[in-house]
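Enquirer: I am attaching a structure below and will ask some questions about it afterwards.
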Amino acid sequence: MKTESDRFQWLARHIVPNEARIRSWVKRHARTLSAADADDIVQEAYARIWVLEHELIQHPLAYFATIVKNLVAEHARRAKIVPMERLGEIEALSIVSEEPGPERHASARRQLEELRTLLDTLPPQCRRAFELRKIEGHTIAEAARVMGVTDSAMEKLLARALAKILERMSEAEAAPEFETGRGNDRARDRR
Amino acid sequence: MTEPATVDNAARWAVRLEERPLTPAEQAELDSWLRAAPHHEGALIRARAVWRDVDRLGALQRRGPSPAAPRTRSLGRWAALAASLAAVTVALLAYKSHLLASEEFETRIGEVRRIALADGSAITLNSDSQAAVQFGKTERVVRLARGEALFEVAKDRSRPFLVWSGPVSVRAVGTVFAVRNLPDNISVIVTDGTVEIQQPQAPAQRVRVNEHATVRPAEQIQVAPEDPTVATRQLSWRSGELTFSGESLGEAVREMNRYSRRQIEVEDPDLAAKPIVGIFRIGDIDGFAQAAAVALNADVHTGDGSVRLSTSKHP
């Protein structure tokens with residue numbers, strides 16, 4: 001992973017699709033953590049994994065989960081509020097999440113549904129800008145011409161759409177079936 | 001939730017950074033924003049990664065959950081796009097003219113890349129593939145030199161879309177199809193619309209939606225119906241995943257190995273013949289080997305350049 005672009009691609013591929021699972025774990029196991037603190041922890045985890053040599057990380061999500069776990073533990077030590085004995089459970093989460101299975105597919109579909117629903121709530125111009133650039137794959141310049149706006153207005157529309165998505169992701173949680181069931185047992189058998 | 005200003009600023013900088021180089025003034029502004037609070041950096045990294053991730057969902061949307069419903073939707077979208085493009089033909093003609101020169105695209109092992117073309121079509125190149133794109137006034141030509149690619153062709157009756165793979169050409173107007181260049185044959189799967197396959201000194205062969213054609217040199221083209229769910233599965237690499245549904249471990253391993261320098265080896269033929277089911281991330285050799293080992297009662301031996309699977313001695 002040499003270029004910066006590759007490195008963001010790596011995050012997009014391994015971490016972003018699983019953010020909801022990480023967040024729901026944090027919510028369940030560190031209930032007293034405020035939403036703002038949970039956000040800070042997730043963001044900090046992105047910053048920490050960003051600087052690492054991604055090629056050497058064999059199980060990206062497990063690694064990310066460990067970083068989050070450590071950050072929650074750090075936070076708990078400072079604030080003395082999180083029941084520490086439960087932190088070990090994140091290990092189960094990380095392995096289950098790496099487990100291939102139909103639920104991963106369902107998760108991508110669900111994310112797509114959520115994205116569609118979210119796009120419906122955007123102002124029409126904002127939504128159209130986002131679709132032209134990200135769904136249909138046009139460049140900003142092309143999309144700006146199609147919509148008859150300047151490139152800079154196009155950037156603003158796109159930034160507004162992205163901000164909405166980021167906010168929505170902060171509120172999202174994985175459905176509970178992601179973290180229970182057969183995958184769990186198989187993961188334990190293997191260890 | 002983080003205060004809205006952080007999210008808004010992170011989104012604004014992410015879009016700029018992802019789309020174009022910053023001006024020196026912007027760079028200075030960004031630096032001072034990053035210094036203003038320690039959590040800004042993480043917020044920006046996350047925003048940029050999410051911006052990338054949306055492309056994966058975009059690809060999923062284009063593939064659609066079932067063959068019938070999304071097809072009309074995507075055709076509607078193409079039509080709307082064509083109409084809006086007509087209004088700006090002049091501007092786009094200027095843009096397109098530089099595409100008359102051939103543009104080359106290549107993917108490394110483990111890389112899957114979607115390339116949006118100026119006419120609204122898109123090529124998704126699978127791992128270790130190479131394609132050259134040349135758009136003229138009367139034809140849109142793509143040469144697939146190596147590997148596999150999926151083509152989503154925007155309708156343009158005046159300029160057919162031609163994909164060359166060796167001596168074989170596949171001709172389309174507005175459709176979705178995949179071409180794979182294998183050592184002894186060329187495989188074409190059509191998931192939307194119709195294409196025409198032309199081999200030297202042979203009549204053209206039509207291949208329709210949900211059909212799979214196999215082209216071998218100096219042989220008649222074989223066309224067989226393809227279950228849409230099978231086609232979707234075979235093209236699941238587009239979203240960075242491989243889906244197996246009862247293929248033999250041997251076949252699944254061959255597919256997994258296409259995306260990785262580290263290779264999986266299966267020691268005994270009985271094991272290689274066992275069926276495997278699951279969805280795997282491309283490139284995740286270790287995850288695949290572990291899942292296969294659990295499912296098929298095998299042992300995993302991890303070496304430097306390879307991962308070996310053998311039947312477990314301890315059932």
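A note on labels: chains of the structure tokens are A, B, ... as shown, every chain counts residues from 1, and ligands are counted from 1 in their shown order.
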Please identify all polymer residues within 7 Å of Ala10 in chain B, counting only C-alpha atoms, omitting same-chain residues fewer than 5 positions from it, and present them as a PyMOL selection string.

Expert: chain B and resi 43-44+47

Enquirer: Please build the interface table for chain A against chain B with a cut-off of 6 Å, listing for each qualifying residue the nearest atom pair and the distance in Å to one decimal; count only C-alpha atoms, order rows by chain and increasing number, and write it as a tab-separated table.

Expert:
```
residue	atom	partner	partner_atom	distance
A:Phe8	CA	B:Ala49	CA	5.2
A:Leu11	CA	B:Ala49	CA	5.7
A:Ala12	CA	B:Asp53	CA	4.6
A:Ala35	CA	B:Met1	CA	5.1
A:Ala36	CA	B:Met1	CA	4.3
A:Gln43	CA	B:Gly42	CA	4.4
A:Glu44	CA	B:Gly42	CA	5.2
A:Tyr46	CA	B:Gly42	CA	5.5
A:Ala47	CA	B:Gly42	CA	4.4
A:Pro100	CA	B:Phe280	CA	5.4
A:Gly101	CA	B:Gly278	CA	5.2
A:Leu112	CA	B:Leu57	CA	5.6
A:Ile135	CA	B:Gly58	CA	4.7
A:Gly137	CA	B:Ala116	CA	5.3
A:Ala159	CA	B:Arg12	CA	4.8
A:Leu162	CA	B:Ala11	CA	5.7
A:Ala163	CA	B:Ala11	CA	5.2
```

Enquirer: Please, could you write that set of residues out with N, CA and C atoms as a PDB file, in the first residue's frame?

Expert:
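selection_12.pdb, written as the output of this step:
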```
ATOM      1  N   PHE A   8      -6.464   4.974   1.794  1.00  0.00           N
ATOM      2  CA  PHE A   8      -7.872   5.281   2.057  1.00  0.00           C
ATOM      3  C   PHE A   8      -8.771   4.168   1.528  1.00  0.00           C
ATOM      4  N   LEU A  11      -8.957   1.458   4.074  1.00  0.00           N
ATOM      5  CA  LEU A  11      -9.914   1.781   5.149  1.00  0.00           C
ATOM      6  C   LEU A  11     -11.347   1.594   4.661  1.00  0.00           C
ATOM      7  N   ALA A  12     -11.591   2.063   3.438  1.00  0.00           N
ATOM      8  CA  ALA A  12     -12.950   1.994   2.893  1.00  0.00           C
ATOM      9  C   ALA A  12     -13.380   0.534   2.757  1.00  0.00           C
ATOM     10  N   ALA A  35     -22.548   9.747  23.556  1.00  0.00           N
ATOM     11  CA  ALA A  35     -22.460   9.583  22.097  1.00  0.00           C
ATOM     12  C   ALA A  35     -21.259  10.352  21.551  1.00  0.00           C
ATOM     13  N   ALA A  36     -21.001  11.517  22.123  1.00  0.00           N
ATOM     14  CA  ALA A  36     -19.869  12.323  21.654  1.00  0.00           C
ATOM     15  C   ALA A  36     -18.550  11.607  21.937  1.00  0.00           C
ATOM     16  N   GLN A  43     -13.319   8.004  15.822  1.00  0.00           N
ATOM     17  CA  GLN A  43     -12.456   8.857  14.991  1.00  0.00           C
ATOM     18  C   GLN A  43     -10.980   8.665  15.335  1.00  0.00           C
ATOM     19  N   GLU A  44     -10.702   8.589  16.633  1.00  0.00           N
ATOM     20  CA  GLU A  44      -9.323   8.403  17.062  1.00  0.00           C
ATOM     21  C   GLU A  44      -8.786   7.058  16.557  1.00  0.00           C
ATOM     22  N   TYR A  46      -9.623   5.590  13.816  1.00  0.00           N
ATOM     23  CA  TYR A  46      -9.275   5.800  12.406  1.00  0.00           C
ATOM     24  C   TYR A  46      -7.887   6.434  12.298  1.00  0.00           C
ATOM     25  N   ALA A  47      -7.649   7.456  13.134  1.00  0.00           N
ATOM     26  CA  ALA A  47      -6.368   8.148  13.080  1.00  0.00           C
ATOM     27  C   ALA A  47      -5.229   7.189  13.437  1.00  0.00           C
ATOM     28  N   PRO A 100     -16.551 -15.075   7.285  1.00  0.00           N
ATOM     29  CA  PRO A 100     -17.335 -14.869   6.084  1.00  0.00           C
ATOM     30  C   PRO A 100     -18.696 -15.553   6.238  1.00  0.00           C
ATOM     31  N   GLY A 101     -19.669 -15.056   5.587  1.00  0.00           N
ATOM     32  CA  GLY A 101     -20.985 -15.672   5.666  1.00  0.00           C
ATOM     33  C   GLY A 101     -22.009 -14.778   5.025  1.00  0.00           C
ATOM     34  N   LEU A 112     -26.742  -0.261   1.546  1.00  0.00           N
ATOM     35  CA  LEU A 112     -27.211   0.364   0.313  1.00  0.00           C
ATOM     36  C   LEU A 112     -28.623   0.911   0.507  1.00  0.00           C
ATOM     37  N   ILE A 135     -22.684   7.701  -7.795  1.00  0.00           N
ATOM     38  CA  ILE A 135     -23.395   6.516  -8.287  1.00  0.00           C
ATOM     39  C   ILE A 135     -23.096   6.325  -9.770  1.00  0.00           C
ATOM     40  N   GLY A 137     -20.686   7.944 -11.461  1.00  0.00           N
ATOM     41  CA  GLY A 137     -19.243   7.956 -11.699  1.00  0.00           C
ATOM     42  C   GLY A 137     -18.732   9.084 -12.584  1.00  0.00           C
ATOM     43  N   ALA A 159     -20.179  17.958  -0.376  1.00  0.00           N
ATOM     44  CA  ALA A 159     -19.752  17.982   1.023  1.00  0.00           C
ATOM     45  C   ALA A 159     -20.974  17.879   1.940  1.00  0.00           C
ATOM     46  N   LEU A 162     -22.087  14.271   1.936  1.00  0.00           N
ATOM     47  CA  LEU A 162     -21.165  13.438   2.721  1.00  0.00           C
ATOM     48  C   LEU A 162     -21.368  13.674   4.220  1.00  0.00           C
ATOM     49  N   ALA A 163     -21.554  14.942   4.607  1.00  0.00           N
ATOM     50  CA  ALA A 163     -21.756  15.247   6.032  1.00  0.00           C
ATOM     51  C   ALA A 163     -22.978  14.508   6.562  1.00  0.00           C
TER      52      ALA A 163
END
```

Enquirer: Extract the full set of helix (DSSP H, G or I) residues from range 83-200 of chain B according to DSSP on the backbone, and format it as a short mmCIF file (atom, residue, chain, number, x, y, z; two decimals) with C-alpha atoms, in the first residue's frame.

Expert:
```cif
data_model
loop_
_atom_site.label_atom_id
_atom_site.label_comp_id
_atom_site.auth_asym_id
_atom_site.auth_seq_id
_atom_site.Cartn_x
_atom_site.Cartn_y
_atom_site.Cartn_z
CA ALA B 83 -31.16 13.70 -22.13
CA SER B 84 -29.20 15.86 -19.76
CA LEU B 85 -26.02 15.11 -21.64
CA ALA B 86 -27.59 16.23 -24.92
CA THR B 89 -23.06 18.12 -26.02
CA VAL B 90 -20.76 20.92 -27.03
CA ALA B 91 -18.94 20.96 -23.75
CA LEU B 92 -18.64 17.19 -23.65
CA LEU B 93 -17.47 16.89 -27.26
CA ALA B 94 -14.52 19.02 -26.31
CA TYR B 95 -13.95 16.78 -23.33
CA LYS B 96 -14.31 13.58 -25.33
CA SER B 97 -11.93 14.57 -28.07
CA HIS B 98 -8.93 13.78 -25.91
CA LEU B 99 -10.26 10.26 -25.48
CA LEU B 100 -9.64 9.52 -29.14
#
```

Enquirer: Please report the interatomic distance between CA of Met147 in chain A and CA of Arg140 in chain B in Å with one decimal.

Expert: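 Separating CA of Met147 in chain A from CA of Arg140 in chain B is a distance of 25.4 Å.
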
Enquirer: Give me the residues within 10 Å of Ala273 in chain B as a PDB file with all heavy atoms, in the first residue's frame, counting only C-alpha atoms and dropping any in the same chain fewer than 3 places off.

Expert:
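Done, and the output landed in around_4.pdb:
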```pdb
ATOM      1  N   GLU B 247     -19.396 -24.897  -5.021  1.00  0.00           N
ATOM      2  CA  GLU B 247     -18.248 -25.191  -5.881  1.00  0.00           C
ATOM      3  C   GLU B 247     -17.264 -26.041  -5.079  1.00  0.00           C
ATOM      4  O   GLU B 247     -17.256 -25.999  -3.851  1.00  0.00           O
ATOM      5  CB  GLU B 247     -17.547 -23.897  -6.317  1.00  0.00           C
ATOM      6  CG  GLU B 247     -18.238 -23.153  -7.440  1.00  0.00           C
ATOM      7  CD  GLU B 247     -19.191 -22.091  -6.932  1.00  0.00           C
ATOM      8  OE1 GLU B 247     -19.626 -22.197  -5.758  1.00  0.00           O
ATOM      9  OE2 GLU B 247     -19.516 -21.171  -7.699  1.00  0.00           O
ATOM     10  N   SER B 248     -16.410 -26.787  -5.783  1.00  0.00           N
ATOM     11  CA  SER B 248     -15.438 -27.591  -5.049  1.00  0.00           C
ATOM     12  C   SER B 248     -14.397 -26.669  -4.419  1.00  0.00           C
ATOM     13  O   SER B 248     -14.169 -25.548  -4.898  1.00  0.00           O
ATOM     14  CB  SER B 248     -14.754 -28.578  -5.990  1.00  0.00           C
ATOM     15  OG  SER B 248     -13.895 -27.886  -6.859  1.00  0.00           O
ATOM     16  N   LEU B 249     -13.803 -27.145  -3.338  1.00  0.00           N
ATOM     17  CA  LEU B 249     -12.758 -26.366  -2.682  1.00  0.00           C
ATOM     18  C   LEU B 249     -11.662 -26.012  -3.683  1.00  0.00           C
ATOM     19  O   LEU B 249     -11.140 -24.895  -3.675  1.00  0.00           O
ATOM     20  CB  LEU B 249     -12.177 -27.142  -1.499  1.00  0.00           C
ATOM     21  CG  LEU B 249     -11.031 -26.460  -0.760  1.00  0.00           C
ATOM     22  CD1 LEU B 249     -11.495 -25.167  -0.104  1.00  0.00           C
ATOM     23  CD2 LEU B 249     -10.429 -27.388   0.289  1.00  0.00           C
ATOM     24  N   GLY B 250     -11.337 -26.968  -4.563  1.00  0.00           N
ATOM     25  CA  GLY B 250     -10.302 -26.727  -5.574  1.00  0.00           C
ATOM     26  C   GLY B 250     -10.620 -25.528  -6.449  1.00  0.00           C
ATOM     27  O   GLY B 250      -9.774 -24.659  -6.665  1.00  0.00           O
ATOM     28  N   GLU B 251     -11.866 -25.473  -6.935  1.00  0.00           N
ATOM     29  CA  GLU B 251     -12.268 -24.340  -7.787  1.00  0.00           C
ATOM     30  C   GLU B 251     -12.238 -23.037  -6.995  1.00  0.00           C
ATOM     31  O   GLU B 251     -11.781 -22.009  -7.493  1.00  0.00           O
ATOM     32  CB  GLU B 251     -13.702 -24.539  -8.302  1.00  0.00           C
ATOM     33  CG  GLU B 251     -13.856 -25.512  -9.438  1.00  0.00           C
ATOM     34  CD  GLU B 251     -15.347 -25.768  -9.714  1.00  0.00           C
ATOM     35  OE1 GLU B 251     -16.052 -24.798 -10.039  1.00  0.00           O
ATOM     36  OE2 GLU B 251     -15.787 -26.915  -9.548  1.00  0.00           O
ATOM     37  N   VAL B 266      -4.013 -26.960  -1.809  1.00  0.00           N
ATOM     38  CA  VAL B 266      -4.799 -28.030  -1.193  1.00  0.00           C
ATOM     39  C   VAL B 266      -4.069 -29.333  -1.441  1.00  0.00           C
ATOM     40  O   VAL B 266      -3.786 -29.684  -2.579  1.00  0.00           O
ATOM     41  CB  VAL B 266      -6.224 -28.101  -1.783  1.00  0.00           C
ATOM     42  CG1 VAL B 266      -7.031 -29.164  -1.057  1.00  0.00           C
ATOM     43  CG2 VAL B 266      -6.903 -26.755  -1.676  1.00  0.00           C
ATOM     44  N   ASP B 268      -4.714 -32.821  -0.561  1.00  0.00           N
ATOM     45  CA  ASP B 268      -5.190 -34.053  -1.168  1.00  0.00           C
ATOM     46  C   ASP B 268      -6.455 -33.858  -1.993  1.00  0.00           C
ATOM     47  O   ASP B 268      -7.277 -32.998  -1.718  1.00  0.00           O
ATOM     48  CB  ASP B 268      -5.335 -35.172  -0.124  1.00  0.00           C
ATOM     49  CG  ASP B 268      -6.432 -34.891   0.847  1.00  0.00           C
ATOM     50  OD1 ASP B 268      -6.137 -34.222   1.866  1.00  0.00           O
ATOM     51  OD2 ASP B 268      -7.552 -35.293   0.580  1.00  0.00           O
ATOM     52  N   PRO B 269      -6.570 -34.665  -3.068  1.00  0.00           N
ATOM     53  CA  PRO B 269      -7.658 -34.491  -4.034  1.00  0.00           C
ATOM     54  C   PRO B 269      -9.047 -34.676  -3.419  1.00  0.00           C
ATOM     55  O   PRO B 269      -9.991 -34.000  -3.831  1.00  0.00           O
ATOM     56  CB  PRO B 269      -7.407 -35.595  -5.076  1.00  0.00           C
ATOM     57  CG  PRO B 269      -6.035 -36.117  -4.811  1.00  0.00           C
ATOM     58  CD  PRO B 269      -5.660 -35.759  -3.421  1.00  0.00           C
ATOM     59  N   ASP B 270      -9.168 -35.556  -2.421  1.00  0.00           N
ATOM     60  CA  ASP B 270     -10.478 -35.751  -1.803  1.00  0.00           C
ATOM     61  C   ASP B 270     -10.958 -34.458  -1.155  1.00  0.00           C
ATOM     62  O   ASP B 270     -12.128 -34.097  -1.233  1.00  0.00           O
ATOM     63  CB  ASP B 270     -10.409 -36.852  -0.717  1.00  0.00           C
ATOM     64  CG  ASP B 270     -10.286 -38.225  -1.348  1.00  0.00           C
ATOM     65  OD1 ASP B 270     -10.519 -38.304  -2.583  1.00  0.00           O
ATOM     66  OD2 ASP B 270      -9.961 -39.178  -0.633  1.00  0.00           O
ATOM     67  N   ILE B 276     -17.853 -26.140  -1.094  1.00  0.00           N
ATOM     68  CA  ILE B 276     -17.709 -25.059  -0.125  1.00  0.00           C
ATOM     69  C   ILE B 276     -18.745 -23.968  -0.389  1.00  0.00           C
ATOM     70  O   ILE B 276     -19.119 -23.698  -1.520  1.00  0.00           O
ATOM     71  CB  ILE B 276     -16.271 -24.503  -0.116  1.00  0.00           C
ATOM     72  CG1 ILE B 276     -16.101 -23.475   0.996  1.00  0.00           C
ATOM     73  CG2 ILE B 276     -15.888 -23.869  -1.447  1.00  0.00           C
ATOM     74  CD1 ILE B 276     -14.758 -23.537   1.656  1.00  0.00           C
TER      75      ILE B 276
END
```

Enquirer: At a cut-off of 12 Å, using only C-alpha atoms, what residues contact Ile57 in chain A? Leave out same-chain residues fewer than 3 positions from it and give the result as a ChimeraX atom specification.

Expert: /A:1,10-11,14,49-54,60-64 /B:284,286

Enquirer: Considering only C-alpha atoms, return as a PyMOL selection string whatever protein or nucleic-acid residues lie within 9 Å of Ala202 in chain B, sequence-local ones (same chain, fewer than 4 positions apart) excluded.

Expert: chain B and resi 198+218+220

Enquirer: Given the selection you just returned, output its residues as a file containing N, CA, C and O atoms, formatted as an mmCIF file, in the first residue's frame.

Expert:
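And here is the file that came out, selection01.cif:
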```cif
data_model
loop_
_atom_site.group_PDB
_atom_site.id
_atom_site.type_symbol
_atom_site.label_atom_id
_atom_site.label_comp_id
_atom_site.auth_asym_id
_atom_site.auth_seq_id
_atom_site.Cartn_x
_atom_site.Cartn_y
_atom_site.Cartn_z
ATOM 1 N N GLN B 198 -18.512 -11.981 -32.248
ATOM 2 C CA GLN B 198 -17.997 -12.232 -33.592
ATOM 3 C C GLN B 198 -16.615 -12.870 -33.475
ATOM 4 O O GLN B 198 -15.731 -12.348 -32.792
ATOM 5 N N ALA B 218 -11.663 -21.564 -33.354
ATOM 6 C CA ALA B 218 -12.069 -22.502 -34.401
ATOM 7 C C ALA B 218 -13.144 -23.472 -33.951
ATOM 8 O O ALA B 218 -13.242 -24.577 -34.457
ATOM 9 N N GLN B 220 -17.469 -23.729 -32.726
ATOM 10 C CA GLN B 220 -18.707 -22.968 -32.663
ATOM 11 C C GLN B 220 -18.891 -22.406 -31.245
ATOM 12 O O GLN B 220 -18.571 -23.082 -30.262
#
```

Enquirer: So which one's closest to Arg109 in chain A, A:Arg160, A:Glu142, A:Ile165, A:Pro17? Using only C-alpha atoms, please.

Expert: A:Pro17

Enquirer: From the list B:Thr229, B:Ala224, B:Gln130, B:Val207, which residue is nearest Asn181 in chain B when using only C-alpha atoms?

Expert: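 Going through B:Thr229, B:Ala224, B:Gln130, B:Val207 one by one, the smallest distance to Asn181 in chain B is for B:Gln130.
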
Enquirer: What gap, in Å, lies between CA of Glu19 in chain A and CA of Leu166 in chain A?

Expert: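 Straight-line distance from CA of Glu19 in chain A to CA of Leu166 in chain A works out to 10.9 Å.
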
Enquirer: Would you give me, as JSON, numbers by chain, the residues in range 182-312 of chain B that DSSP reads as strand (DSSP E or B)?

Expert: {"B": [186, 187, 188, 189, 190, 191, 192, 195, 196, 197, 198, 205, 206, 207, 211, 212, 213, 214, 215, 222, 223, 224, 225, 241, 242, 243, 244, 245, 246, 247, 248, 263, 264, 265, 266, 275, 276, 277, 278, 279, 280, 281, 298, 299, 300, 301, 302, 306, 307, 308, 309, 310, 311]}

Enquirer: Could you tell me how far CA of Ala73 in chain A lies from CA of Arg28 in chain A, in Å and to one decimal?

Expert: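 Taking CA of Ala73 in chain A and CA of Arg28 in chain A, their separation equals 14.2 Å.
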
Enquirer: So that I can see what lies close to Phe177 in chain B, please list as number ranges by chain the residues with an atom at most 7 Å from it, counting only C-alpha atoms and leaving out residues fewer than 2 positions away in the same chain.

Expert: B: 150-152, 175, 179, 188-192
